[in-house]
Structure formats: C-alpha cells, structure tokens
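Participant: Sharing my_file_35.txt here; it has compact mmCIF, C-alpha atoms.
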```txt
# COMPACT_ATOMS: atom_id res chain seq x y z
CA MET A 984 43.40 -10.00 -36.12
CA THR A 985 45.65 -12.62 -34.55
CA LEU A 986 44.48 -16.16 -33.83
CA THR A 987 44.40 -15.45 -30.07
CA GLN A 988 42.26 -12.35 -30.64
CA LYS A 989 39.86 -14.39 -32.76
CA ARG A 990 39.59 -17.00 -30.01
CA LEU A 991 38.88 -14.32 -27.40
CA VAL A 992 36.15 -12.83 -29.57
CA ILE A 993 34.56 -16.29 -29.94
CA LEU A 994 34.65 -16.78 -26.15
CA LEU A 995 33.11 -13.35 -25.66
CA ILE A 996 30.28 -14.18 -28.07
CA ILE A 997 29.71 -17.51 -26.28
CA ALA A 998 29.59 -15.66 -22.93
CA ILE A 999 27.06 -13.10 -24.18
CA VAL A 1000 24.81 -15.73 -25.78
CA ALA A 1001 24.97 -17.91 -22.64
CA PHE A 1002 24.20 -14.94 -20.36
CA VAL A 1003 21.12 -14.03 -22.41
CA LEU A 1004 20.02 -17.68 -22.53
CA GLY A 1005 20.37 -17.94 -18.75
CA ARG A 1006 18.05 -14.98 -18.27
CA LEU A 1007 15.56 -16.30 -20.83
CA VAL A 1008 15.44 -19.72 -19.20
CA VAL A 1009 14.60 -18.19 -15.80
CA ARG A 1010 12.01 -15.97 -17.46
CA ALA A 1011 10.48 -18.99 -19.22
CA ALA A 1012 10.39 -20.96 -15.96
CA ILE A 1013 8.66 -18.10 -14.10
CA ASN A 1014 6.19 -17.68 -16.97
CA LEU A 1015 5.44 -21.38 -16.87
CA LEU A 1016 4.67 -21.20 -13.16
CA ILE A 1017 2.71 -17.98 -12.90
CA GLY A 1018 1.95 -16.94 -16.49
CA GLY A 1019 3.41 -14.42 -18.91
CA THR A 1020 4.74 -14.11 -22.44
CA LEU A 1021 8.29 -15.11 -23.34
CA PHE A 1022 9.14 -12.27 -25.71
CA GLY A 1023 6.63 -9.63 -24.71
CA GLY A 1024 7.17 -6.87 -22.18
CA ASN A 1025 10.68 -6.19 -20.97
CA PHE A 1026 12.42 -8.76 -23.16
CA LEU A 1027 15.19 -9.77 -20.77
CA MET B 1337 55.15 -34.96 -29.16
CA SER B 1338 54.19 -34.28 -32.79
CA LYS B 1339 52.82 -30.97 -34.01
CA ALA B 1340 49.51 -32.67 -34.91
CA ALA B 1341 49.13 -33.94 -31.33
CA ASP B 1342 49.86 -30.43 -29.96
CA GLU B 1343 47.19 -28.91 -32.18
CA LYS B 1344 44.70 -31.57 -31.13
CA LYS B 1345 45.43 -30.90 -27.47
CA MET B 1346 45.08 -27.13 -27.97
CA LYS B 1347 41.75 -27.65 -29.75
CA ALA B 1348 40.46 -29.75 -26.85
CA VAL B 1349 41.53 -27.09 -24.34
CA LEU B 1350 39.73 -24.41 -26.36
CA ILE B 1351 36.54 -26.46 -26.59
CA TRP B 1352 36.55 -27.10 -22.85
CA MET B 1353 37.24 -23.44 -22.22
CA GLY B 1354 34.26 -22.57 -24.42
CA ILE B 1355 32.04 -24.97 -22.46
CA LEU B 1356 33.25 -23.54 -19.14
CA VAL B 1357 32.62 -19.96 -20.29
CA PHE B 1358 29.14 -20.97 -21.49
CA VAL B 1359 28.24 -22.63 -18.19
CA LEU B 1360 29.55 -19.75 -16.07
CA ALA B 1361 27.88 -17.08 -18.20
CA PHE B 1362 24.60 -19.06 -18.31
CA GLY B 1363 24.62 -19.30 -14.51
CA ALA B 1364 25.46 -15.61 -14.17
CA GLY B 1365 22.59 -14.75 -16.52
CA ALA B 1366 20.13 -16.90 -14.57
CA VAL B 1367 21.21 -15.42 -11.23
CA SER B 1368 21.12 -11.87 -12.61
CA LYS B 1369 17.52 -12.36 -13.74
CA VAL B 1370 16.51 -13.20 -10.17
CA VAL B 1371 18.75 -10.81 -8.26
CA ILE B 1372 19.02 -7.67 -10.39
CA GLN B 1373 15.93 -5.45 -10.30
CA PRO B 1374 15.32 -2.15 -12.10
CA GLY B 1375 16.92 0.79 -10.26
CA TRP B 1376 13.58 2.50 -9.51
CA THR B 1377 12.42 -0.43 -7.33
CA LYS B 1378 14.92 0.65 -4.64
CA LYS B 1379 12.62 3.55 -3.83
CA TYR B 1380 9.87 1.16 -2.74
CA ASN B 1381 11.98 -1.67 -1.31
CA VAL B 1382 13.36 -0.01 1.77
CA PRO B 1383 15.35 -2.20 4.19
CA TRP B 1384 14.38 -1.64 7.81
CA SER B 1385 16.70 0.56 9.84
CA ASP B 1386 16.27 2.02 13.30
CA GLU B 1387 16.71 5.47 11.71
CA LEU B 1388 13.23 5.03 10.18
CA GLY B 1389 11.60 4.75 13.59
CA THR B 1390 10.54 1.99 15.94
CA ARG B 1391 9.43 -1.50 14.98
CA MET B 1392 7.37 -3.61 17.36
CA VAL B 1393 6.90 -7.23 16.34
CA ASP B 1394 4.41 -9.97 17.19
CA LEU B 1395 1.92 -7.86 19.11
CA PRO B 1396 -1.14 -10.03 19.85
CA TYR B 1397 -4.66 -9.15 18.69
CA GLY B 1398 -6.43 -12.44 19.47
CA ASP B 1399 -6.08 -15.87 20.99
CA GLY B 1400 -4.93 -17.71 17.84
CA ALA B 1401 -1.26 -18.52 17.37
CA ALA B 1402 -1.25 -16.46 14.16
CA ASN B 1403 -3.12 -13.52 15.63
CA LYS B 1404 -0.13 -11.19 15.72
CA PHE B 1405 0.86 -7.97 14.04
CA ASP B 1406 3.99 -5.88 13.53
CA LEU B 1407 3.83 -2.14 14.02
CA TYR B 1408 6.17 0.29 12.25
CA LEU B 1409 6.18 3.66 13.98
CA PRO B 1410 7.82 6.56 12.09
CA ALA B 1411 10.73 8.51 13.60
CA ASP B 1412 8.80 11.79 13.49
CA THR B 1413 6.88 11.79 16.77
CA GLY B 1414 5.73 15.41 16.61
CA LYS B 1415 2.53 15.06 14.61
CA ARG B 1416 -0.94 15.51 16.01
CA ASN B 1417 -2.35 12.58 14.04
CA TYR B 1418 -1.07 9.82 11.82
CA GLY B 1419 -2.39 7.82 8.91
CA LEU B 1420 -2.23 4.05 9.31
CA VAL B 1421 -1.40 1.80 6.36
CA VAL B 1422 -2.09 -1.90 6.87
CA TYR B 1423 -0.38 -4.26 4.42
CA LEU B 1424 -1.52 -7.90 4.37
CA HIS B 1425 0.82 -10.60 3.14
CA ALA B 1426 0.34 -12.83 0.10
CA GLY B 1427 0.42 -16.63 0.05
CA GLY B 1428 -2.79 -18.04 -1.40
CA PHE B 1429 -4.51 -18.02 2.03
CA THR B 1430 -2.37 -21.04 2.95
CA ALA B 1431 1.13 -19.61 3.36
CA GLY B 1432 3.12 -16.41 3.91
CA ASP B 1433 4.00 -14.18 6.82
CA LYS B 1434 4.07 -10.47 7.63
CA SER B 1435 7.86 -10.68 7.75
CA GLY B 1436 7.81 -11.01 3.96
CA ASP B 1437 6.66 -7.41 3.61
CA VAL B 1438 9.32 -5.67 5.69
CA GLU B 1439 10.56 -3.59 2.73
CA MET B 1440 7.08 -2.38 1.76
CA LEU B 1441 6.17 -1.61 5.39
CA SER B 1442 9.50 0.18 5.88
CA TRP B 1443 8.82 2.30 2.77
CA LEU B 1444 5.42 3.31 4.17
CA CYS B 1445 6.97 4.08 7.55
CA LYS B 1446 9.66 6.16 5.84
CA LYS B 1447 6.88 8.15 4.15
CA GLY B 1448 5.60 9.07 7.62
CA TYR B 1449 2.78 6.55 8.07
CA VAL B 1450 2.24 4.16 10.93
CA ALA B 1451 2.46 0.86 9.05
CA ALA B 1452 1.24 -2.54 10.17
CA GLY B 1453 1.65 -6.07 8.86
CA ILE B 1454 -0.98 -8.45 10.24
CA ASN B 1455 -0.81 -12.25 10.23
CA TYR B 1456 -3.97 -14.31 9.97
CA THR B 1457 -4.72 -18.01 10.54
CA LEU B 1458 -3.76 -19.83 7.37
CA PHE B 1459 -5.88 -22.56 5.84
CA ALA B 1460 -4.34 -25.98 6.54
CA GLU B 1461 -5.36 -29.57 5.93
CA LEU B 1462 -4.98 -31.92 8.87
CA GLU B 1463 -4.52 -35.67 8.90
CA GLY B 1464 -7.55 -37.58 7.65
CA GLY B 1465 -8.63 -34.83 5.28
CA ALA B 1466 -10.01 -32.49 7.96
CA THR B 1467 -9.06 -28.82 7.97
CA ASN B 1468 -8.09 -26.40 10.72
CA GLY B 1469 -11.31 -24.47 10.12
CA ALA B 1470 -9.63 -21.46 8.58
CA SER B 1471 -11.15 -19.94 5.45
CA VAL B 1472 -11.15 -16.63 3.63
CA LEU B 1473 -14.21 -15.77 5.70
CA THR B 1474 -12.52 -16.44 9.07
CA GLN B 1475 -9.38 -14.67 7.86
CA SER B 1476 -11.40 -11.60 6.88
CA GLU B 1477 -13.06 -11.64 10.31
CA GLU B 1478 -9.67 -11.84 12.00
CA ILE B 1479 -8.48 -8.80 10.04
CA ARG B 1480 -11.68 -6.93 10.91
CA ASP B 1481 -11.14 -7.69 14.59
CA ALA B 1482 -7.43 -6.83 14.42
CA ILE B 1483 -7.76 -3.26 13.10
CA PRO B 1484 -9.07 -1.68 16.36
CA LYS B 1485 -6.25 -3.44 18.26
CA VAL B 1486 -3.65 -2.09 15.82
CA ILE B 1487 -5.00 1.44 16.20
CA GLU B 1488 -5.11 1.03 19.98
CA ALA B 1489 -1.49 -0.17 20.07
CA ALA B 1490 -0.32 2.76 17.93
CA GLU B 1491 -2.14 5.25 20.13
CA LYS B 1492 -0.64 3.64 23.24
CA GLU B 1493 2.81 4.39 21.77
CA GLY B 1494 1.88 8.04 21.19
CA TYR B 1495 0.73 7.83 17.57
CA PRO B 1496 -2.97 8.84 17.38
CA ILE B 1497 -4.54 7.44 14.20
CA ASP B 1498 -7.16 9.51 12.36
CA SER B 1499 -7.38 7.63 9.04
CA MET B 1500 -6.24 4.44 7.40
CA ALA B 1501 -5.50 2.67 4.12
CA ILE B 1502 -5.53 -1.08 3.71
CA ALA B 1503 -3.48 -2.94 1.16
CA GLY B 1504 -1.94 -6.25 0.33
CA GLY B 1505 -0.66 -8.62 -2.29
CA SER B 1506 -2.71 -11.40 -3.90
CA ALA B 1507 -4.56 -13.21 -1.08
CA GLY B 1508 -3.59 -10.31 1.21
CA HIS B 1509 -5.36 -7.86 -1.07
CA THR B 1510 -8.47 -10.04 -1.18
CA LEU B 1511 -8.66 -9.62 2.60
CA ALA B 1512 -7.75 -5.93 2.35
CA MET B 1513 -10.51 -5.32 -0.20
CA ILE B 1514 -13.07 -7.20 1.89
CA TYR B 1515 -12.22 -4.90 4.78
CA ALA B 1516 -12.26 -1.79 2.58
CA TYR B 1517 -15.58 -2.58 0.89
CA ARG B 1518 -17.44 -4.76 3.43
CA ASP B 1519 -16.15 -3.74 6.86
CA ALA B 1520 -15.08 -0.10 6.49
CA GLY B 1521 -18.27 0.98 8.24
CA GLN B 1522 -17.07 -0.78 11.40
CA SER B 1523 -13.60 0.71 11.25
CA PRO B 1524 -12.66 3.01 14.17
CA VAL B 1525 -11.21 5.48 11.63
CA PRO B 1526 -12.20 6.30 8.01
CA VAL B 1527 -10.75 3.97 5.36
CA LYS B 1528 -9.31 6.37 2.79
CA MET B 1529 -8.12 3.95 0.13
CA THR B 1530 -7.04 0.45 -0.75
CA PHE B 1531 -4.22 -0.68 -2.99
CA GLY B 1532 -2.86 -4.00 -4.07
CA ALA B 1533 -2.67 -6.47 -6.89
CA VAL B 1534 -3.59 -9.86 -8.36
CA GLU B 1535 -6.29 -10.74 -5.84
CA PRO B 1536 -9.45 -12.76 -6.47
CA SER B 1537 -12.34 -10.45 -5.66
CA CYS B 1538 -15.36 -12.52 -6.76
CA PHE B 1539 -16.31 -16.05 -7.72
CA HIS B 1540 -18.39 -16.17 -10.90
CA ARG B 1541 -17.24 -19.55 -12.12
CA GLU B 1542 -17.27 -18.50 -15.79
CA ASP B 1543 -14.42 -16.11 -14.91
CA TRP B 1544 -12.34 -18.93 -13.41
CA ASP B 1545 -11.42 -20.35 -16.79
CA ASN B 1546 -7.78 -21.00 -15.92
CA TYR B 1547 -9.09 -23.63 -13.47
CA GLY B 1548 -11.57 -24.97 -16.05
CA PHE B 1549 -14.58 -23.93 -13.96
CA ASP B 1550 -16.18 -22.23 -16.97
CA ARG B 1551 -16.88 -25.62 -18.57
CA GLU B 1552 -20.27 -27.31 -18.29
CA THR B 1553 -18.97 -30.66 -17.02
CA GLU B 1554 -19.39 -32.60 -13.78
CA GLU B 1555 -15.65 -32.40 -13.16
CA SER B 1556 -15.78 -28.63 -13.52
CA TYR B 1557 -18.74 -28.29 -11.14
CA GLN B 1558 -17.04 -30.52 -8.57
CA GLY B 1559 -13.78 -28.59 -8.88
CA ALA B 1560 -15.55 -25.26 -8.36
CA ALA B 1561 -17.54 -26.67 -5.43
CA GLY B 1562 -14.34 -27.96 -3.80
CA ILE B 1563 -12.28 -24.78 -4.09
CA PHE B 1564 -15.08 -22.31 -3.39
CA SER B 1565 -16.23 -24.36 -0.37
CA ALA B 1566 -12.71 -24.32 1.07
CA MET B 1567 -12.45 -20.57 0.54
CA LEU B 1568 -15.86 -19.90 2.09
CA GLY B 1569 -15.48 -22.44 4.90
CA GLU B 1570 -18.90 -23.90 4.13
CA MET B 1571 -19.85 -26.85 1.92
CA LEU B 1572 -21.31 -25.87 -1.43
CA SER B 1573 -23.10 -28.56 -3.43
CA VAL B 1574 -22.58 -29.32 -7.08
CA GLU B 1575 -26.23 -28.37 -7.59
CA GLU B 1576 -25.63 -24.92 -6.11
CA ILE B 1577 -22.69 -24.47 -8.46
CA LYS B 1578 -24.77 -25.59 -11.43
CA ASP B 1579 -27.74 -23.31 -10.75
CA GLY B 1580 -25.62 -20.35 -9.64
CA SER B 1581 -27.16 -20.08 -6.17
CA TYR B 1582 -23.68 -20.49 -4.63
CA LEU B 1583 -22.92 -16.89 -5.59
CA GLU B 1584 -25.14 -15.48 -2.88
CA LYS B 1585 -23.41 -17.68 -0.30
CA MET B 1586 -20.02 -16.45 -1.54
CA THR B 1587 -21.01 -12.80 -1.05
CA PRO B 1588 -19.33 -12.39 2.38
CA ILE B 1589 -15.93 -13.04 0.78
CA SER B 1590 -16.64 -11.46 -2.63
CA ALA B 1591 -15.07 -8.03 -2.27
CA ALA B 1592 -16.30 -6.82 -5.66
CA GLU B 1593 -19.91 -7.48 -4.66
CA TRP B 1594 -19.60 -4.99 -1.79
CA ILE B 1595 -18.58 -2.04 -3.96
CA THR B 1596 -20.90 0.93 -3.63
CA PRO B 1597 -20.47 4.60 -4.59
CA ASP B 1598 -19.05 5.08 -1.07
CA ALA B 1599 -16.27 2.52 -1.54
CA PRO B 1600 -12.78 3.93 -0.91
CA PRO B 1601 -10.51 4.90 -3.82
CA THR B 1602 -8.70 1.90 -5.22
CA VAL B 1603 -5.39 1.26 -7.00
CA VAL B 1604 -4.96 -2.21 -8.49
CA ALA B 1605 -2.82 -4.09 -10.99
CA TYR B 1606 -3.25 -7.42 -12.78
CA GLY B 1607 -1.34 -9.62 -15.19
CA THR B 1608 -3.21 -10.63 -18.34
CA TYR B 1609 -1.62 -14.09 -18.26
CA ASP B 1610 -2.22 -14.73 -14.55
CA ARG B 1611 -2.59 -18.48 -13.95
CA VAL B 1612 -3.27 -18.18 -10.23
CA GLN B 1613 -5.86 -15.41 -10.00
CA PRO B 1614 -8.18 -15.50 -13.03
CA PHE B 1615 -7.67 -12.31 -15.02
CA LYS B 1616 -11.38 -12.14 -15.96
CA VAL B 1617 -12.20 -11.63 -12.27
CA SER B 1618 -10.30 -8.36 -12.36
CA LEU B 1619 -12.42 -7.18 -15.31
CA ARG B 1620 -15.54 -7.71 -13.21
CA LEU B 1621 -13.98 -5.69 -10.39
CA LYS B 1622 -13.08 -2.93 -12.83
CA ALA B 1623 -16.66 -2.86 -14.13
CA ALA B 1624 -18.00 -2.59 -10.56
CA LEU B 1625 -15.63 0.29 -9.73
CA GLU B 1626 -16.64 2.10 -12.92
CA ALA B 1627 -20.37 1.46 -12.45
CA ASN B 1628 -20.24 2.91 -8.92
CA GLY B 1629 -18.08 5.89 -9.86
CA VAL B 1630 -15.32 4.92 -7.41
CA ASP B 1631 -12.07 6.80 -8.00
CA HIS B 1632 -9.69 4.08 -9.08
CA ARG B 1633 -6.60 3.27 -11.07
CA TYR B 1634 -6.70 -0.10 -12.80
CA LEU B 1635 -3.51 -1.24 -14.47
CA GLU B 1636 -3.33 -4.24 -16.78
CA LEU B 1637 0.14 -5.66 -17.35
CA PRO B 1638 -0.30 -7.28 -20.77
CA HIS B 1639 2.78 -9.53 -20.79
CA SER B 1640 2.79 -10.66 -17.16
CA GLY B 1641 1.30 -13.29 -14.91
CA HIS B 1642 0.67 -13.40 -11.16
CA GLY B 1643 4.12 -11.97 -10.40
CA LEU B 1644 3.56 -8.88 -12.61
CA GLN B 1645 7.03 -9.77 -13.77
CA ASN B 1646 7.29 -8.79 -17.44
CA ASP B 1647 6.10 -5.17 -17.55
CA HIS B 1648 8.49 -3.07 -15.51
CA ALA B 1649 7.31 0.27 -16.91
CA LEU B 1650 3.69 -0.47 -15.99
CA TYR B 1651 4.70 -1.87 -12.59
CA LYS B 1652 6.45 1.44 -11.96
CA GLN B 1653 3.29 3.30 -13.01
CA TRP B 1654 1.30 1.20 -10.52
CA MET B 1655 3.61 2.07 -7.63
CA GLU B 1656 3.56 5.74 -8.67
CA ALA B 1657 -0.25 5.60 -8.69
CA VAL B 1658 -0.19 4.09 -5.17
CA GLU B 1659 1.98 6.98 -4.01
CA GLU B 1660 -0.18 9.54 -5.82
CA TYR B 1661 -3.38 8.20 -4.21
CA LEU B 1662 -1.75 8.03 -0.76
CA ASP B 1663 -0.61 11.65 -1.13
CA ARG B 1664 -4.06 12.71 -2.33
CA TYR B 1665 -6.32 10.80 0.05
CA MET B 1666 -4.14 10.30 3.11
CA PRO B 1667 -1.22 12.74 2.97
CA ALA B 1668 1.42 12.03 5.59
CA LYS B 1669 1.05 15.65 6.78
```
Give the structure from this file in structure tokens form.

Facilitator:
Amino acid sequence: MTLTQKRLVILLIIAIVAFVLGRLVVRAAINLLIGGTLFGGNFL
Amino acid sequence: MSKAADEKKMKAVLIWMGILVFVLAFGAGAVSKVVIQPGWTKKYNVPWSDELGTRMVDLPYGDGAANKFDLYLPADTGKRNYGLVVYLHAGGFTAGDKSGDVEMLSWLCKKGYVAAGINYTLFAELEGGATNGASVLTQSEEIRDAIPKVIEAAEKEGYPIDSMAIAGGSAGHTLAMIYAYRDAGQSPVPVKMTFGAVEPSCFHREDWDNYGFDRETEESYQGAAGIFSAMLGEMLSVEEIKDGSYLEKMTPISAAEWITPDAPPTVVAYGTYDRVQPFKVSLRLKAALEANGVDHRYLELPHSGHGLQNDHALYKQWMEAVEEYLDRYMPAK
C-alpha cells in the first residue's frame, strides 16, 4: 500500500467515525428531550 | 525550502484535511439522522396531490378563531357511503396545527376515507398570568361540537358518511379518546375505532412520576394541582390533590375512566422512556381496555420516548395494526 493509499484509508475511517458520531449525537439530543435509550432499539 | 519544511507543511495540510473531513461527515451524519427515514414510512407519509381527491381547508365549525377544519375528499366519488377518519394534531394542548398532519390525512384519503383535521382553541397564558380560558375540557367540547359539522360538510360535497374513526397524536389522541369513549353516544354516526399514541388518558398522580407528582411533598401536591387545574380549566386545591378527591373532578377529561365494554376498538403505542406523557398512565389505560374486553392493540416501544423514535420495527407494527383495524372495523368499501 502506498503512502497516499494509507492516507486515503485514514480519511475514510475518520469520515465513517464522524458520520456515526453525528447520528449518535442527534439521537442523544432527542433522547434527552423526549426520552429513550442511547444504545437500545435501532442503534443508529 | 528545505525537505523538513516541506514535510511539516504536508503534515499540516493532512491534519487540516482530516479535520475538514470529520466536520463534514459529522454534519452529514447529523442531518441524515433527521432527514432519512426507513423506507416503509413512505407508505404512510403521503404528500398531498390533487390526484388523491379534493382538499378543502379552513372550513368553520364555530365562532372561535381556531374553530376550523380541513376536509380531504377521496377521488372516488362513486360510493354510496364513506367512512370518516378524524385526525387531531399534537402539541401539548398549547401548540400545533392541522396542517402538520397533511401526510397522515393524505394517506387516509388515498385509502378511500373522507379524512378531516380539526383545529381547536389552544391553551395560552395572557399578560398578568390570566389564561385564554382554553383547557382540555373546552377543547374536547369543541371537538364534540365539530364532528356533526364535519359530517355535514362532507355530505354537502356528495360524500355521505355512515361511520367514523377518530385518531390523533399525543394531545390530539387525548381529545380523540375522550370523544371515542365519552362522546361517541352523541356522534351522528357510529364510532368504529380510535388510534393514536403517547397521549395522557388519566390523572392518577402516582402515575405522573416523571413530573414528581408521585412524591408526598407540598411541592409535588402544588405541582399536580397547578398542571391538572390548567388541563381541567378549574382550580383544584392542594387538599383535593392530597386526599384524592380531585380524581372525580378530572373525570370529564380522563378518557380511560370512560372505557366500558362498548368502547370502540383501540390501537395505541407508547414509549417506555416517555418524559412528556407518563408511561405508567398507559399501563392504566391498557388495564381498563383489558378489564372491559375492548378489542385493542397496545404496543410498548421499549427503547423510545415521546417521539417513538428508537424502535422502528415496532413503530411499523403499530402502523400495520392501525391499517388492519381500519380494514376490519371500517373497510373503505
């Protein structure tokens, strides 16, 4: 794997983690307002 | 420029690129959570289109500024009789509008029903602490008085109504249930069923634990007296809260207390973690439906709150149950 490929993979991992975090933060905010579990039910 | 400086610059660019990707992906994730819904929800969230029929908005049923309803008349005009489905909007008795339920009303219209969204006078506080006089009781009376006007308007347009269902979300379903259980005997047509979710249907203060009304403290009694008085539209004293005599006064707006073996079939859903409508209230409703042998479907969404937001599979089951009960008790012929 070339250095550029490694960097792209790292960016891809960052993007996936950030995308999931974005969804979890909205879920947590909604749960805070109206109730619900963070990791129960449909996880994302 | 030296090789070391080039490498440093490249490293900085990569770090900034990583931060940018993180921010953009985080934002996309947050937006996707709000915007993207499971595919099956499209079936029930139908945008209005003239192909579905005719929509008449803001038809009056009383003198109040909010006393208006929207009528959704299906495209098929050839039937002898039609079922009416009334859907009442949510909003904690203080907010909301029938226009928020266009997709639900359009779905019902698409199924062949005459559908109606009815506004009611919302509770509001005026300057100096006075209120506009609206309460759950006056709202329920407005709905009761509106139904004959809705049926009359539909018939005037060539859609004779021979049966009805009444539904709603949250506060809207409180009013719908009061009509279904308390006022159905006054309805011009038989009330075949009610469906909805997350509504408060009775006021035993020990059930209202998310508001702290289950505690034996002065603050708790005063809190219960304040909220229940506002909902009833009549002052309840702390003493009445303490000795439980307030419950009899609350009866006119306690839908669950009106359930009898003749109550219409009911489809309801609740979130176990609801912080708005106390979940324990729904257990009392369930017990009343069971004790009276009323055909019902009660769904508990064990990971969700007031928005029923974390249990998509069960939410789908609830909507399928609504459709099943409509088809069974009020088929769109």

Participant: Would you mind reading off the distance between atom CA of Leu1583 of chain B and atom CA of Ala1501 of chain B, one decimal, in Å?

Facilitator: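 One can read the atom CA of Leu1583 of chain B to atom CA of Ala1501 of chain B distance as 27.9 Å.
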
Participant: Could I get the residues of chain B with an atom no further than 7 Å from an atom of chain A, each paired with its nearest atom pair and that distance in Å to one decimal, using all atoms listed in the file, sorted by chain and residue number, as JSON lines?

Facilitator:
```
{"residue": "B:Gly1354", "atom": "CA", "partner": "A:Leu994", "partner_atom": "CA", "distance": 6.1}
{"residue": "B:Val1357", "atom": "CA", "partner": "A:Ala998", "partner_atom": "CA", "distance": 5.9}
{"residue": "B:Phe1358", "atom": "CA", "partner": "A:Ala1001", "partner_atom": "CA", "distance": 5.3}
{"residue": "B:Ala1361", "atom": "CA", "partner": "A:Phe1002", "partner_atom": "CA", "distance": 4.8}
{"residue": "B:Phe1362", "atom": "CA", "partner": "A:Gly1005", "partner_atom": "CA", "distance": 4.4}
{"residue": "B:Gly1363", "atom": "CA", "partner": "A:Gly1005", "partner_atom": "CA", "distance": 6.2}
{"residue": "B:Ala1364", "atom": "CA", "partner": "A:Phe1002", "partner_atom": "CA", "distance": 6.4}
{"residue": "B:Gly1365", "atom": "CA", "partner": "A:Phe1002", "partner_atom": "CA", "distance": 4.2}
{"residue": "B:Ala1366", "atom": "CA", "partner": "A:Gly1005", "partner_atom": "CA", "distance": 4.3}
{"residue": "B:Lys1369", "atom": "CA", "partner": "A:Arg1006", "partner_atom": "CA", "distance": 5.3}
{"residue": "B:Tyr1609", "atom": "CA", "partner": "A:Gly1018", "partner_atom": "CA", "distance": 4.9}
{"residue": "B:Asp1610", "atom": "CA", "partner": "A:Gly1018", "partner_atom": "CA", "distance": 5.1}
{"residue": "B:Arg1611", "atom": "CA", "partner": "A:Gly1018", "partner_atom": "CA", "distance": 5.4}
{"residue": "B:Val1612", "atom": "CA", "partner": "A:Ile1017", "partner_atom": "CA", "distance": 6.6}
{"residue": "B:His1639", "atom": "CA", "partner": "A:Thr1020", "partner_atom": "CA", "distance": 5.2}
{"residue": "B:Ser1640", "atom": "CA", "partner": "A:Gly1019", "partner_atom": "CA", "distance": 4.2}
{"residue": "B:Gly1641", "atom": "CA", "partner": "A:Gly1018", "partner_atom": "CA", "distance": 4.0}
{"residue": "B:His1642", "atom": "CA", "partner": "A:Ile1017", "partner_atom": "CA", "distance": 5.3}
{"residue": "B:Gly1643", "atom": "CA", "partner": "A:Ile1017", "partner_atom": "CA", "distance": 6.7}
{"residue": "B:Asn1646", "atom": "CA", "partner": "A:Gly1024", "partner_atom": "CA", "distance": 5.1}
{"residue": "B:Asp1647", "atom": "CA", "partner": "A:Gly1024", "partner_atom": "CA", "distance": 5.0}
{"residue": "B:His1648", "atom": "CA", "partner": "A:Asn1025", "partner_atom": "CA", "distance": 6.7}
```

Participant: Report the distance between atom CA of Gln1653 of chain B and atom CA of Asp1631 of chain B in Å, rounded to one decimal place.

Facilitator: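 Taking atom CA of Gln1653 of chain B as the start and atom CA of Asp1631 of chain B as the end point, the length is 16.5 Å.
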
Participant: Could you tell me, as a compact mmCIF listing (two decimals) with C-alpha atoms, keeping the file's coordinate frame, which residues have any atom at most 6 Å from (-21.6, -30.7, -7.9), counting all atoms listed in the file?

Facilitator:
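Final output, part.txt:
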```txt
# COMPACT_ATOMS: atom_id res chain seq x y z
CA TYR B 1557 -18.74 -28.29 -11.14
CA GLN B 1558 -17.04 -30.52 -8.57
CA SER B 1573 -23.10 -28.56 -3.43
CA VAL B 1574 -22.58 -29.32 -7.08
CA GLU B 1575 -26.23 -28.37 -7.59
```

Participant: Within 9 Å of Leu1568 of chain B, counting all atoms listed in the file, which residues show up once you throw out same-chain ones fewer than 3 positions away? Write them as a ChimeraX atom specification, please.

Facilitator: /B:1471-1474,1563-1565,1571-1572,1585-1586,1588-1589

Participant: May I ask which of the residues B:Gln1645, B:Thr1430, B:Asn1381, B:Ser1435 is the closest one to Ala1460 of chain B, counting only C-alpha atoms?

Facilitator: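 Nearest to Ala1460 of chain B: B:Thr1430.
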
Participant: Could you check which of B:Arg1391, B:His1425, B:Lys1492, B:Arg1633 is closest to Thr1510 of chain B, using all atoms listed in the file?

Facilitator: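 Among the listed residues, B:His1425 lies closest to Thr1510 of chain B.
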
Participant: Can you work out which one of B:Ala1341, B:Val1382, B:Leu1621, B:Leu1409 has the shortest atom-to-atom distance to Met1440 of chain B, counting all atoms listed in the file?

Facilitator: B:Val1382

Participant: Have a look at atom CA of Gly1414 of chain B and atom CA of Ala1452 of chain B and let me know their distance in Å, one decimal.

Facilitator: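 A separation of 19.6 Å between them.
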
Participant: Find the residues near segment 1542-1549 of chain B: any atom within 6 Å, counting all atoms listed in the file, skip ones fewer than 5 places away on the same chain, and give them as a ChimeraX atom specification.

Facilitator: /B:1556,1560,1614,1616-1617

Participant: Take the point (-3.0, 2.8, -5.2) as written in the file and pick out every residue within 7 Å of it, counting only C-alpha atoms; give the list as a VMD selection string.

Facilitator: chain B and resid 1530 to 1532 1602 to 1604 1633 1657 to 1659 1661 to 1662

Participant: Now that the selection is made, can you save its residues with C-alpha atoms as a compact mmCIF listing (two decimals), in the coordinates of the input?

Facilitator:
```txt
# COMPACT_ATOMS: atom_id res chain seq x y z
CA THR B 1530 -7.04 0.45 -0.75
CA PHE B 1531 -4.22 -0.68 -2.99
CA GLY B 1532 -2.86 -4.00 -4.07
CA THR B 1602 -8.70 1.90 -5.22
CA VAL B 1603 -5.39 1.26 -7.00
CA VAL B 1604 -4.96 -2.21 -8.49
CA ARG B 1633 -6.60 3.27 -11.07
CA ALA B 1657 -0.25 5.60 -8.69
CA VAL B 1658 -0.19 4.09 -5.17
CA GLU B 1659 1.98 6.98 -4.01
CA TYR B 1661 -3.38 8.20 -4.21
CA LEU B 1662 -1.75 8.03 -0.76
```

Participant: Write out as AutoDock Vina command-line options an axis-aligned box for segment 997-1010 of chain A: all of its atoms listed in the file, 5 Å added on each side, centre and edge lengths in Å with one decimal.

Facilitator:
```
--center_x 20.9 --center_y -16.4 --center_z -21.0 --size_x 27.7 --size_y 16.6 --size_z 20.5
```

Participant: For Trp1384 of chain B, find every residue with an atom within 10 Å (counting all atoms listed in the file), except residues of its own chain fewer than 5 positions away, and show them as a ChimeraX atom specification.

Facilitator: /B:1389-1391,1408,1438-1443,1445-1446

Participant: Just want the 7 Å neighbourhood of Ala1533 of chain B, counted on all atoms listed in the file, with same-chain residues fewer than 5 positions away dropped. Output as a VMD selection string.

Facilitator: chain B and resid 1505 to 1506 1509 1604 to 1606
